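Dropping final.pdb in here (PDB, C-alpha atoms):
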```
ATOM      1  CA  MET A   1      17.057  80.004 118.732
ATOM      2  CA  THR A   2      18.043  83.510 117.691
ATOM      3  CA  GLU A   3      21.629  83.534 118.974
ATOM      4  CA  ARG A   4      24.206  83.128 116.236
ATOM      5  CA  ARG A   5      27.175  82.604 118.623
ATOM      6  CA  SER A   6      27.064  78.853 118.174
ATOM      7  CA  PRO A   7      29.578  76.953 120.353
ATOM      8  CA  THR A   8      30.414  74.848 117.295
ATOM      9  CA  ILE A   9      31.567  77.838 115.249
ATOM     10  CA  ARG A  10      33.375  79.319 118.255
ATOM     11  CA  ARG A  11      35.301  76.049 118.677
ATOM     12  CA  ARG A  12      36.140  76.014 114.972
ATOM     13  CA  ARG A  13      37.346  79.623 115.056
ATOM     14  CA  LEU A  14      39.385  79.062 118.205
ATOM     15  CA  GLY A  15      41.133  76.077 116.632
ATOM     16  CA  ALA A  16      42.038  78.073 113.529
ATOM     17  CA  GLU A  17      43.433  80.920 115.644
ATOM     18  CA  LEU A  18      45.496  78.550 117.776
ATOM     19  CA  ARG A  19      46.898  76.836 114.689
ATOM     20  CA  ARG A  20      47.782  80.187 113.126
ATOM     21  CA  ARG A  21      49.676  81.305 116.216
ATOM     22  CA  ARG A  22      51.498  77.995 116.583
ATOM     23  CA  GLU A  23      52.658  78.100 112.965
ATOM     24  CA  HIS A  24      53.698  81.749 113.339
ATOM     25  CA  ALA A  25      55.810  80.761 116.346
ATOM     26  CA  GLY A  26      57.398  77.930 114.342
ATOM     27  CA  ILE A  27      56.434  75.276 116.868
ATOM     28  CA  THR A  28      55.356  71.730 115.994
ATOM     29  CA  ILE A  29      52.263  69.974 117.320
ATOM     30  CA  GLU A  30      54.530  67.385 118.935
ATOM     31  CA  THR A  31      56.376  70.063 120.889
ATOM     32  CA  VAL A  32      53.100  71.530 122.147
ATOM     33  CA  ALA A  33      51.834  68.101 123.163
ATOM     34  CA  GLU A  34      55.038  67.389 125.050
ATOM     35  CA  GLN A  35      54.853  70.631 127.030
ATOM     36  CA  LEU A  36      51.150  70.171 127.781
ATOM     37  CA  GLU A  37      51.732  66.512 128.658
ATOM     38  CA  CYS A  38      49.017  65.337 126.302
ATOM     39  CA  SER A  39      48.824  63.512 122.976
ATOM     40  CA  ALA A  40      49.610  65.163 119.657
ATOM     41  CA  SER A  41      46.220  63.996 118.399
ATOM     42  CA  LYS A  42      44.507  66.061 121.112
ATOM     43  CA  VAL A  43      46.325  69.216 119.985
ATOM     44  CA  SER A  44      45.477  68.433 116.375
ATOM     45  CA  ARG A  45      41.778  67.902 117.171
ATOM     46  CA  ILE A  46      41.673  71.191 119.085
ATOM     47  CA  GLU A  47      43.139  72.985 116.059
ATOM     48  CA  THR A  48      40.615  71.429 113.685
ATOM     49  CA  GLY A  49      37.710  72.268 115.983
ATOM     50  CA  HIS A  50      36.782  68.650 116.650
ATOM     51  CA  THR A  51      37.589  68.817 120.358
ATOM     52  CA  SER A  52      36.810  71.483 122.914
ATOM     53  CA  ALA A  53      39.777  73.082 124.695
ATOM     54  CA  THR A  54      39.570  74.187 128.295
ATOM     55  CA  PRO A  55      40.410  77.826 129.017
ATOM     56  CA  ARG A  56      43.480  76.542 130.898
ATOM     57  CA  ASP A  57      44.621  74.519 127.852
ATOM     58  CA  VAL A  58      44.270  77.604 125.660
ATOM     59  CA  ARG A  59      46.141  79.824 128.089
ATOM     60  CA  ASP A  60      48.965  77.275 128.339
ATOM     61  CA  MET A  61      49.173  76.889 124.570
ATOM     62  CA  LEU A  62      49.302  80.633 124.049
ATOM     63  CA  ARG A  63      52.037  80.949 126.643
ATOM     64  CA  ILE A  64      54.096  78.473 124.607
ATOM     65  CA  TYR A  65      53.530  80.686 121.544
ATOM     66  CA  ASP A  66      54.478  83.788 123.557
ATOM     67  CA  VAL A  67      50.982  85.254 123.182
ATOM     68  CA  VAL A  68      49.928  87.135 126.323
ATOM     69  CA  GLY A  69      47.811  90.077 127.420
ATOM     70  CA  PRO A  70      44.524  91.143 125.739
ATOM     71  CA  GLU A  71      45.076  88.833 122.770
ATOM     72  CA  SER A  72      45.376  85.838 125.080
ATOM     73  CA  ASP A  73      42.384  86.963 127.154
ATOM     74  CA  GLU A  74      40.196  87.198 124.048
ATOM     75  CA  LEU A  75      41.022  83.660 122.916
ATOM     76  CA  VAL A  76      40.505  82.266 126.421
ATOM     77  CA  GLN A  77      37.047  83.876 126.419
ATOM     78  CA  ILE A  78      36.265  82.215 123.083
ATOM     79  CA  ALA A  79      37.292  78.905 124.682
ATOM     80  CA  ARG A  80      34.732  79.488 127.455
ATOM     81  CA  GLU A  81      32.006  80.255 124.903
ATOM     82  CA  ALA A  82      32.956  77.193 122.844
ATOM     83  CA  ARG A  83      32.303  74.942 125.846
ATOM     84  CA  GLN A  84      28.739  76.131 126.336
ATOM     85  CA  LYS A  85      25.899  73.797 125.395
ATOM     86  CA  GLY A  86      24.023  74.463 122.163
ATOM     87  CA  TRP A  87      20.216  74.412 122.151
ATOM     88  CA  TRP A  88      20.432  71.007 120.446
ATOM     89  CA  HIS A  89      22.424  69.390 123.279
ATOM     90  CA  PRO A  90      19.402  67.659 124.888
ATOM     91  CA  TYR A  91      18.927  65.750 121.632
ATOM     92  CA  SER A  92      22.524  64.536 121.394
ATOM     93  CA  THR A  93      21.501  60.883 121.800
ATOM     94  CA  VAL A  94      19.951  60.891 118.318
ATOM     95  CA  LEU A  95      21.764  63.785 116.697
ATOM     96  CA  THR A  96      25.332  64.790 115.968
ATOM     97  CA  GLY A  97      25.527  68.470 116.843
ATOM     98  CA  ALA A  98      28.319  69.416 114.429
ATOM     99  CA  TYR A  99      26.086  70.227 111.456
ATOM    100  CA  VAL A 100      23.327  71.835 113.504
ATOM    101  CA  GLY A 101      25.915  73.964 115.297
ATOM    102  CA  LEU A 102      27.373  75.220 112.027
ATOM    103  CA  GLU A 103      23.913  75.787 110.573
ATOM    104  CA  ALA A 104      22.906  77.844 113.626
ATOM    105  CA  ALA A 105      25.868  80.191 113.046
ATOM    106  CA  ALA A 106      25.538  80.469 109.258
ATOM    107  CA  GLY A 107      24.604  83.673 107.492
ATOM    108  CA  SER A 108      23.693  81.912 104.253
ATOM    109  CA  ILE A 109      23.151  78.353 103.080
ATOM    110  CA  ARG A 110      23.176  76.982  99.547
ATOM    111  CA  ALA A 111      21.933  73.431  99.112
ATOM    112  CA  TYR A 112      21.193  70.837  96.468
ATOM    113  CA  GLU A 113      18.868  67.988  97.427
ATOM    114  CA  GLN A 114      18.231  64.886  95.329
ATOM    115  CA  GLN A 115      15.737  62.839  97.324
ATOM    116  CA  VAL A 116      13.929  64.636 100.140
ATOM    117  CA  VAL A 117      12.746  68.076 101.149
ATOM    118  CA  PRO A 118      15.477  69.753 103.254
ATOM    119  CA  GLY A 119      14.888  69.745 106.991
ATOM    120  CA  LEU A 120      14.483  73.530 107.125
ATOM    121  CA  LEU A 121      11.432  73.247 104.836
ATOM    122  CA  GLN A 122       9.728  70.081 106.077
ATOM    123  CA  THR A 123       6.297  69.868 107.660
ATOM    124  CA  GLU A 124       6.057  67.874 110.864
ATOM    125  CA  GLU A 125       4.135  65.052 109.167
ATOM    126  CA  TYR A 126       6.581  64.846 106.254
ATOM    127  CA  ALA A 127       9.556  64.826 108.629
ATOM    128  CA  ARG A 128       8.051  62.018 110.684
ATOM    129  CA  ALA A 129       7.266  59.884 107.624
ATOM    130  CA  MET A 130      10.691  60.483 106.085
ATOM    131  CA  ILE A 131      12.608  59.641 109.279
ATOM    132  CA  ARG A 132      10.562  56.478 109.863
ATOM    133  CA  ALA A 133      11.260  55.272 106.332
ATOM    134  CA  ALA A 134      14.954  56.224 106.305
ATOM    135  CA  ARG A 135      15.698  54.904 109.818
ATOM    136  CA  PRO A 136      13.541  51.843 110.515
ATOM    137  CA  ASP A 137      15.874  51.050 113.429
ATOM    138  CA  PHE A 138      14.783  54.148 115.350
ATOM    139  CA  THR A 139      12.415  53.908 118.286
ATOM    140  CA  VAL A 140       9.311  56.093 118.473
ATOM    141  CA  ALA A 141      11.109  58.324 120.986
ATOM    142  CA  GLN A 142      14.103  58.752 118.679
ATOM    143  CA  VAL A 143      11.836  59.689 115.775
ATOM    144  CA  ASP A 144      10.013  62.204 117.986
ATOM    145  CA  GLN A 145      13.319  63.776 119.043
ATOM    146  CA  ARG A 146      14.514  64.080 115.457
ATOM    147  CA  VAL A 147      11.255  65.742 114.456
ATOM    148  CA  ARG A 148      11.480  68.216 117.343
ATOM    149  CA  VAL A 149      15.023  69.172 116.384
ATOM    150  CA  ARG A 150      13.986  69.635 112.766
ATOM    151  CA  LEU A 151      11.144  71.960 113.733
ATOM    152  CA  GLU A 152      13.424  73.933 116.078
ATOM    153  CA  ARG A 153      15.931  74.461 113.257
ATOM    154  CA  GLN A 154      13.276  76.036 111.052
ATOM    155  CA  SER A 155      13.229  79.209 113.165
ATOM    156  CA  LEU A 156      16.448  80.147 111.330
ATOM    157  CA  LEU A 157      14.283  81.153 108.360
ATOM    158  CA  ASN A 158      11.973  83.562 110.173
ATOM    159  CA  GLN A 159      13.853  84.893 113.204
ATOM    160  CA  ASP A 160      14.764  88.588 113.476
ATOM    161  CA  ASP A 161      18.031  88.018 111.606
ATOM    162  CA  PRO A 162      17.134  85.119 109.274
ATOM    163  CA  ILE A 163      19.591  83.156 107.204
ATOM    164  CA  GLU A 164      19.665  83.459 103.411
ATOM    165  CA  PHE A 165      18.614  80.051 102.104
ATOM    166  CA  TRP A 166      18.985  79.061  98.441
ATOM    167  CA  VAL A 167      17.990  75.494  97.638
ATOM    168  CA  VAL A 168      17.725  73.548  94.392
ATOM    169  CA  LEU A 169      15.472  70.491  94.542
ATOM    170  CA  ASP A 170      15.723  67.689  92.049
ATOM    171  CA  GLU A 171      12.297  67.052  90.536
ATOM    172  CA  ALA A 172      12.307  63.658  92.275
ATOM    173  CA  VAL A 173      11.909  65.485  95.603
ATOM    174  CA  VAL A 174       8.541  66.960  94.623
ATOM    175  CA  SER A 175       7.415  63.867  92.717
ATOM    176  CA  ARG A 176       7.632  61.213  95.450
ATOM    177  CA  PRO A 177       4.626  61.147  97.858
ATOM    178  CA  VAL A 178       6.449  60.766 101.166
ATOM    179  CA  GLY A 179       3.901  59.955 103.861
ATOM    180  CA  GLY A 180       1.059  59.521 101.397
ATOM    181  CA  GLU A 181      -0.974  61.916  99.298
ATOM    182  CA  ALA A 182      -2.353  64.185 102.028
ATOM    183  CA  VAL A 183       1.027  64.633 103.736
ATOM    184  CA  MET A 184       2.764  65.359 100.445
ATOM    185  CA  ARG A 185       0.143  67.864  99.318
ATOM    186  CA  ASP A 186       0.611  69.782 102.555
ATOM    187  CA  GLN A 187       4.381  69.610 102.097
ATOM    188  CA  LEU A 188       4.178  71.017  98.581
ATOM    189  CA  LYS A 189       1.986  73.863  99.816
ATOM    190  CA  ARG A 190       4.537  74.571 102.558
ATOM    191  CA  LEU A 191       7.314  74.726  99.963
ATOM    192  CA  ALA A 192       5.380  77.185  97.820
ATOM    193  CA  THR A 193       4.562  79.374 100.837
ATOM    194  CA  THR A 194       8.069  79.360 102.328
ATOM    195  CA  ALA A 195       9.632  80.117  98.935
ATOM    196  CA  GLU A 196       7.799  83.464  99.017
ATOM    197  CA  LEU A 197       9.956  84.639 101.941
ATOM    198  CA  PRO A 198      12.461  87.306 100.846
ATOM    199  CA  ASN A 199      15.384  85.330 102.319
ATOM    200  CA  VAL A 200      14.455  82.036 100.613
ATOM    201  CA  THR A 201      15.167  81.108  96.994
ATOM    202  CA  LEU A 202      13.850  77.767  95.766
ATOM    203  CA  GLN A 203      14.365  76.168  92.361
ATOM    204  CA  VAL A 204      13.387  72.848  90.838
ATOM    205  CA  LEU A 205      15.834  70.961  88.649
ATOM    206  CA  PRO A 206      13.591  69.174  86.094
ATOM    207  CA  PHE A 207      14.058  65.625  84.844
ATOM    208  CA  GLU A 208      14.275  66.896  81.294
ATOM    209  CA  VAL A 209      17.676  68.450  82.039
ATOM    210  CA  GLY A 210      19.121  64.942  81.964
ATOM    211  CA  ALA A 211      22.675  64.525  83.245
ATOM    212  CA  HIS A 212      23.829  67.484  85.335
ATOM    213  CA  ALA A 213      26.658  68.727  87.563
ATOM    214  CA  GLY A 214      25.110  67.528  90.829
ATOM    215  CA  MET A 215      24.715  63.849  90.059
ATOM    216  CA  ASP A 216      27.366  62.843  92.592
ATOM    217  CA  GLY A 217      24.953  63.612  95.428
ATOM    218  CA  THR A 218      23.332  65.970  97.898
ATOM    219  CA  PHE A 219      25.408  68.734  99.504
ATOM    220  CA  THR A 220      25.135  71.951 101.487
ATOM    221  CA  ILE A 221      27.446  74.987 101.436
ATOM    222  CA  LEU A 222      27.412  76.991 104.675
ATOM    223  CA  SER A 223      28.766  80.546 104.757
ATOM    224  CA  PHE A 224      29.270  82.624 107.896
ATOM    225  CA  PRO A 225      28.899  86.346 108.639
ATOM    226  CA  GLU A 226      32.376  86.876 110.080
ATOM    227  CA  ALA A 227      35.391  86.925 107.752
ATOM    228  CA  GLY A 228      37.366  84.709 110.107
ATOM    229  CA  ASP A 229      34.970  81.812 109.595
ATOM    230  CA  PRO A 230      35.581  80.179 106.188
ATOM    231  CA  ASP A 231      32.834  78.379 104.278
ATOM    232  CA  VAL A 232      32.286  74.673 104.833
ATOM    233  CA  VAL A 233      30.623  72.033 102.648
ATOM    234  CA  TYR A 234      28.569  69.242 104.144
ATOM    235  CA  ALA A 235      28.199  66.253 101.818
ATOM    236  CA  GLU A 236      25.502  64.002 103.234
ATOM    237  CA  ASN A 237      25.507  60.201 103.278
ATOM    238  CA  ALA A 238      23.811  57.333 105.112
ATOM    239  CA  THR A 239      26.287  57.405 108.005
ATOM    240  CA  GLY A 240      25.921  61.108 108.714
ATOM    241  CA  GLY A 241      27.979  63.077 106.247
ATOM    242  CA  LEU A 242      31.375  64.560 105.530
ATOM    243  CA  PHE A 243      32.622  68.087 106.235
ATOM    244  CA  LEU A 244      34.882  69.586 103.567
ATOM    245  CA  GLU A 245      36.867  72.746 104.340
ATOM    246  CA  LYS A 246      39.845  72.847 101.982
ATOM    247  CA  ASN A 247      39.706  75.728  99.525
ATOM    248  CA  ASP A 248      39.856  73.530  96.431
ATOM    249  CA  GLU A 249      36.963  71.427  97.773
ATOM    250  CA  LEU A 250      34.899  74.520  98.511
ATOM    251  CA  GLN A 251      35.515  75.974  95.072
ATOM    252  CA  LYS A 252      34.501  72.684  93.437
ATOM    253  CA  TYR A 253      31.139  72.644  95.192
ATOM    254  CA  ILE A 254      30.482  76.330  94.583
ATOM    255  CA  TYR A 255      31.156  75.668  90.891
ATOM    256  CA  ILE A 256      28.776  72.677  90.926
ATOM    257  CA  PHE A 257      26.033  74.653  92.681
ATOM    258  CA  ASP A 258      26.314  77.503  90.191
ATOM    259  CA  HIS A 259      25.874  75.043  87.323
ATOM    260  CA  ILE A 260      22.905  73.349  89.001
ATOM    261  CA  ARG A 261      21.036  76.578  89.690
ATOM    262  CA  ALA A 262      21.698  77.755  86.127
ATOM    263  CA  ALA A 263      20.122  74.542  84.795
ATOM    264  CA  ALA A 264      17.138  74.691  87.156
ATOM    265  CA  ILE A 265      13.777  76.377  86.569
ATOM    266  CA  HIS A 266      13.613  80.089  87.484
ATOM    267  CA  PRO A 267      12.519  80.638  91.122
ATOM    268  CA  ASP A 268       9.163  82.208  90.197
ATOM    269  CA  ALA A 269       8.392  79.403  87.758
ATOM    270  CA  SER A 270       9.496  76.841  90.360
ATOM    271  CA  ILE A 271       7.024  78.221  92.910
ATOM    272  CA  ALA A 272       4.244  78.115  90.326
ATOM    273  CA  TYR A 273       5.162  74.558  89.372
ATOM    274  CA  ILE A 274       5.154  73.352  92.993
ATOM    275  CA  ALA A 275       1.786  75.013  93.620
ATOM    276  CA  GLU A 276       0.478  73.259  90.521
ATOM    277  CA  LEU A 277       1.819  69.899  91.750
ATOM    278  CA  ALA A 278      -0.047  70.375  95.028
ATOM    279  CA  GLU A 279      -3.270  70.367  93.002
ATOM    280  CA  GLU A 280      -2.280  67.858  90.302
ATOM    281  CA  PRO A 281       0.571  65.747  91.708
ATOM    282  CA  LEU A 282       2.749  63.770  89.353
ATOM    283  CA  TRP A 283       2.336  60.526  91.277
ATOM    284  CA  LYS A 284      -1.394  60.445  90.447
ATOM    285  CA  SER A 285      -0.618  60.361  86.731
ATOM    286  CA  ARG A 286       1.793  57.437  87.084
ATOM    287  CA  ARG A 287       0.735  53.852  86.541
ATOM    288  CA  LYS A 288      -0.226  52.098  89.776
ATOM    289  CA  GLY A 289       0.317  48.428  90.562
ATOM    290  CA  SER A 290       2.851  47.990  87.760
ATOM    291  CA  VAL A 291       6.108  46.146  88.172
ATOM    292  CA  TRP A 292       8.991  48.333  86.997
ATOM    293  CA  THR A 293      12.237  46.632  86.014
TER     294      THR A 293
END
```
File written out as structure tokens:
Amino acid sequence: MTERRSPTIRRRRLGAELRRRREHAGITIETVAEQLECSASKVSRIETGHTSATPRDVRDMLRIYDVVGPESDELVQIAREARQKGWWHPYSTVLTGAYVGLEAAAGSIRAYEQQVVPGLLQTEEYARAMIRAARPDFTVAQVDQRVRVRLERQSLLNQDDPIEFWVVLDEAVVSRPVGGEAVMRDQLKRLATTAELPNVTLQVLPFEVGAHAGMDGTFTILSFPEAGDPDVVYAENATGGLFLEKNDELQKYIYIFDHIRAAAIHPDASIAYIAELAEEPLWKSRRKGSVWT
């Protein structure tokens, strides 16, 4: 998984280019739909990158906008690339490819996580325990597929052209023994080891900080190498998550992340703290068998 030309990002870029040319030509979505003999919603979904466009659709749309020649040929080629299958396609029965496709094309990722270790940093045993607990409705096969996808994604951190990954973990993430003591100890050791990579920055946001800018929830900011691909925020929830692309939304989350990382423990101290927790975990010092109300 070393190819950054993700079909997801190609589809997103194609949609933005088609929208830009339609607006430049002063043509409405309804007019395009009428000439293509399709619904306006289809044109809109192509422009937002939610639906793949056939090369013929793209060529016909560009003809309406009076775009021909090399410029048209280039966009038609992008349409062909956008229709290719991503490496994650075989797992589509248990996974929505939109996030994974964007992640595969990203140059850098900034993330804040409140509850669990991010997928890019999970051990196999931790991932399996977390998925089983979070999705009790999943079959064994579905859990296995999710775990395989998660492990595949991790090559982004150590391939020839690795992503830059900056993550802030709430202290709850390293305090809860997901999968039991042995699994969590191994997970903490993995965090400390991976955080030593030059392209990975890891910080812990301690409980003692109290209220902080990220209390509304977990989120990820994905940035892409090419200027034509704007940042996108993925705000996760129980039903999958929400993609945010408007500039004011992006700026809000960048502002929040900057405040969170400023409040968190320094990266070097965070690594030392996690290594310490692997030897003396917090959960062992907590009262056992008590009823908390």
message = Suppose a student applies the PyMOL selection byres ((chain A and resi 122-137) around 8) to this structure; what residues should they get, written as an MDAnalysis selection string?
response = chainID A and resid 116:121 138:139 143:144 146:147 150:151 178:179 183:184 186:187 190
Determine, using only C-alpha atoms, which residues of range 80-180 of chain A have any atom at most 6 Å from an atom of range 200-210 of chain A, and tabulate each with its shortest atom pair and distance in Å to one decimal place, rows ordered by chain and then rising number, as CSV.
```
residue,atom,partner,partner_atom,distance
A:Phe165,CA,A:Val200,CA,4.8
A:Trp166,CA,A:Thr201,CA,4.6
A:Val167,CA,A:Leu202,CA,5.1
A:Val168,CA,A:Gln203,CA,4.7
A:Leu169,CA,A:Val204,CA,4.9
A:Asp170,CA,A:Leu205,CA,4.7
A:Glu171,CA,A:Pro206,CA,5.1
```
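Each of A:Glu34, A:Tyr273, A:Val67, A:Gly15 was checked against Ile46 in chain A using only C-alpha atoms; the smallest atom-to-atom distance is that of A:Gly15.
Applied to this file, the PyMOL selection byres ((chain A and resi 235) around 8) selects A:Gly217, A:Thr218, A:Phe219, A:Thr220, A:Val233, A:Tyr234, A:Glu236, A:Asn237, A:Gly241, A:Leu242, A:Phe243, A:Leu244.
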task = Quick one: everything within 9 Å of Leu282 in chain A, counting only C-alpha atoms, minus sequence neighbours fewer than 4 positions away in the same chain. Send it as a list in words.
result = Val174, Ser175, Arg176, Leu277 and Arg286 of chain A
ask   = So what does the PyMOL selection byres ((chain A and resi 163) around 10) actually pick up in this one, as a ChimeraX atom specification?
value = /A:103-109,155-162,164-166,199-200,223-225
Completion of range 202-224 of chain A up to N, CA and C atoms, as a tab-separated table (two decimals), in the coordinates of the input:
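Once everything was written out, this is result.tsv:
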```tsv
chain	number	residue	atom	x	y	z
A	202	LEU	N	14.06	79.19	96.02
A	202	LEU	CA	13.85	77.77	95.77
A	202	LEU	C	13.72	77.54	94.27
A	203	GLN	N	14.44	76.55	93.76
A	203	GLN	CA	14.36	76.17	92.36
A	203	GLN	C	14.19	74.67	92.24
A	204	VAL	N	13.55	74.27	91.15
A	204	VAL	CA	13.39	72.85	90.84
A	204	VAL	C	14.26	72.52	89.63
A	205	LEU	N	15.02	71.44	89.75
A	205	LEU	CA	15.83	70.96	88.65
A	205	LEU	C	15.04	69.86	87.93
A	206	PRO	N	14.51	70.12	86.75
A	206	PRO	CA	13.59	69.17	86.09
A	206	PRO	C	14.29	67.95	85.53
A	207	PHE	N	13.53	66.86	85.42
A	207	PHE	CA	14.06	65.62	84.84
A	207	PHE	C	14.60	65.85	83.44
A	208	GLU	N	13.93	66.71	82.71
A	208	GLU	CA	14.28	66.90	81.29
A	208	GLU	C	15.69	67.45	81.09
A	209	VAL	N	16.30	67.97	82.15
A	209	VAL	CA	17.68	68.45	82.04
A	209	VAL	C	18.63	67.29	81.72
A	210	GLY	N	18.25	66.09	82.18
A	210	GLY	CA	19.12	64.94	81.96
A	210	GLY	C	20.31	64.97	82.90
A	211	ALA	N	21.47	64.52	82.41
A	211	ALA	CA	22.68	64.53	83.24
A	211	ALA	C	23.03	65.96	83.63
A	212	HIS	N	23.53	66.13	84.87
A	212	HIS	CA	23.83	67.48	85.34
A	212	HIS	C	24.99	67.45	86.32
A	213	ALA	N	25.44	68.61	86.75
A	213	ALA	CA	26.66	68.73	87.56
A	213	ALA	C	26.52	68.14	88.96
A	214	GLY	N	25.29	67.98	89.45
A	214	GLY	CA	25.11	67.53	90.83
A	214	GLY	C	24.81	66.06	90.99
A	215	MET	N	25.11	65.26	90.00
A	215	MET	CA	24.72	63.85	90.06
A	215	MET	C	25.51	63.02	91.06
A	216	ASP	N	26.59	63.57	91.58
A	216	ASP	CA	27.37	62.84	92.59
A	216	ASP	C	26.67	62.81	93.95
A	217	GLY	N	25.69	63.69	94.18
A	217	GLY	CA	24.95	63.61	95.43
A	217	GLY	C	24.59	64.94	96.06
A	218	THR	N	23.82	64.83	97.13
A	218	THR	CA	23.33	65.97	97.90
A	218	THR	C	24.47	66.66	98.65
A	219	PHE	N	24.40	68.00	98.74
A	219	PHE	CA	25.41	68.73	99.50
A	219	PHE	C	24.85	70.07	99.95
A	220	THR	N	25.51	70.64	100.95
A	220	THR	CA	25.14	71.95	101.49
A	220	THR	C	26.39	72.79	101.66
A	221	ILE	N	26.34	74.05	101.25
A	221	ILE	CA	27.45	74.99	101.44
A	221	ILE	C	27.02	76.00	102.49
A	222	LEU	N	27.73	76.05	103.60
A	222	LEU	CA	27.41	76.99	104.68
A	222	LEU	C	28.42	78.13	104.69
A	223	SER	N	27.92	79.35	104.69
A	223	SER	CA	28.77	80.55	104.76
A	223	SER	C	28.42	81.32	106.03
A	224	PHE	N	29.43	82.00	106.59
A	224	PHE	CA	29.27	82.62	107.90
A	224	PHE	C	29.50	84.13	107.82
```
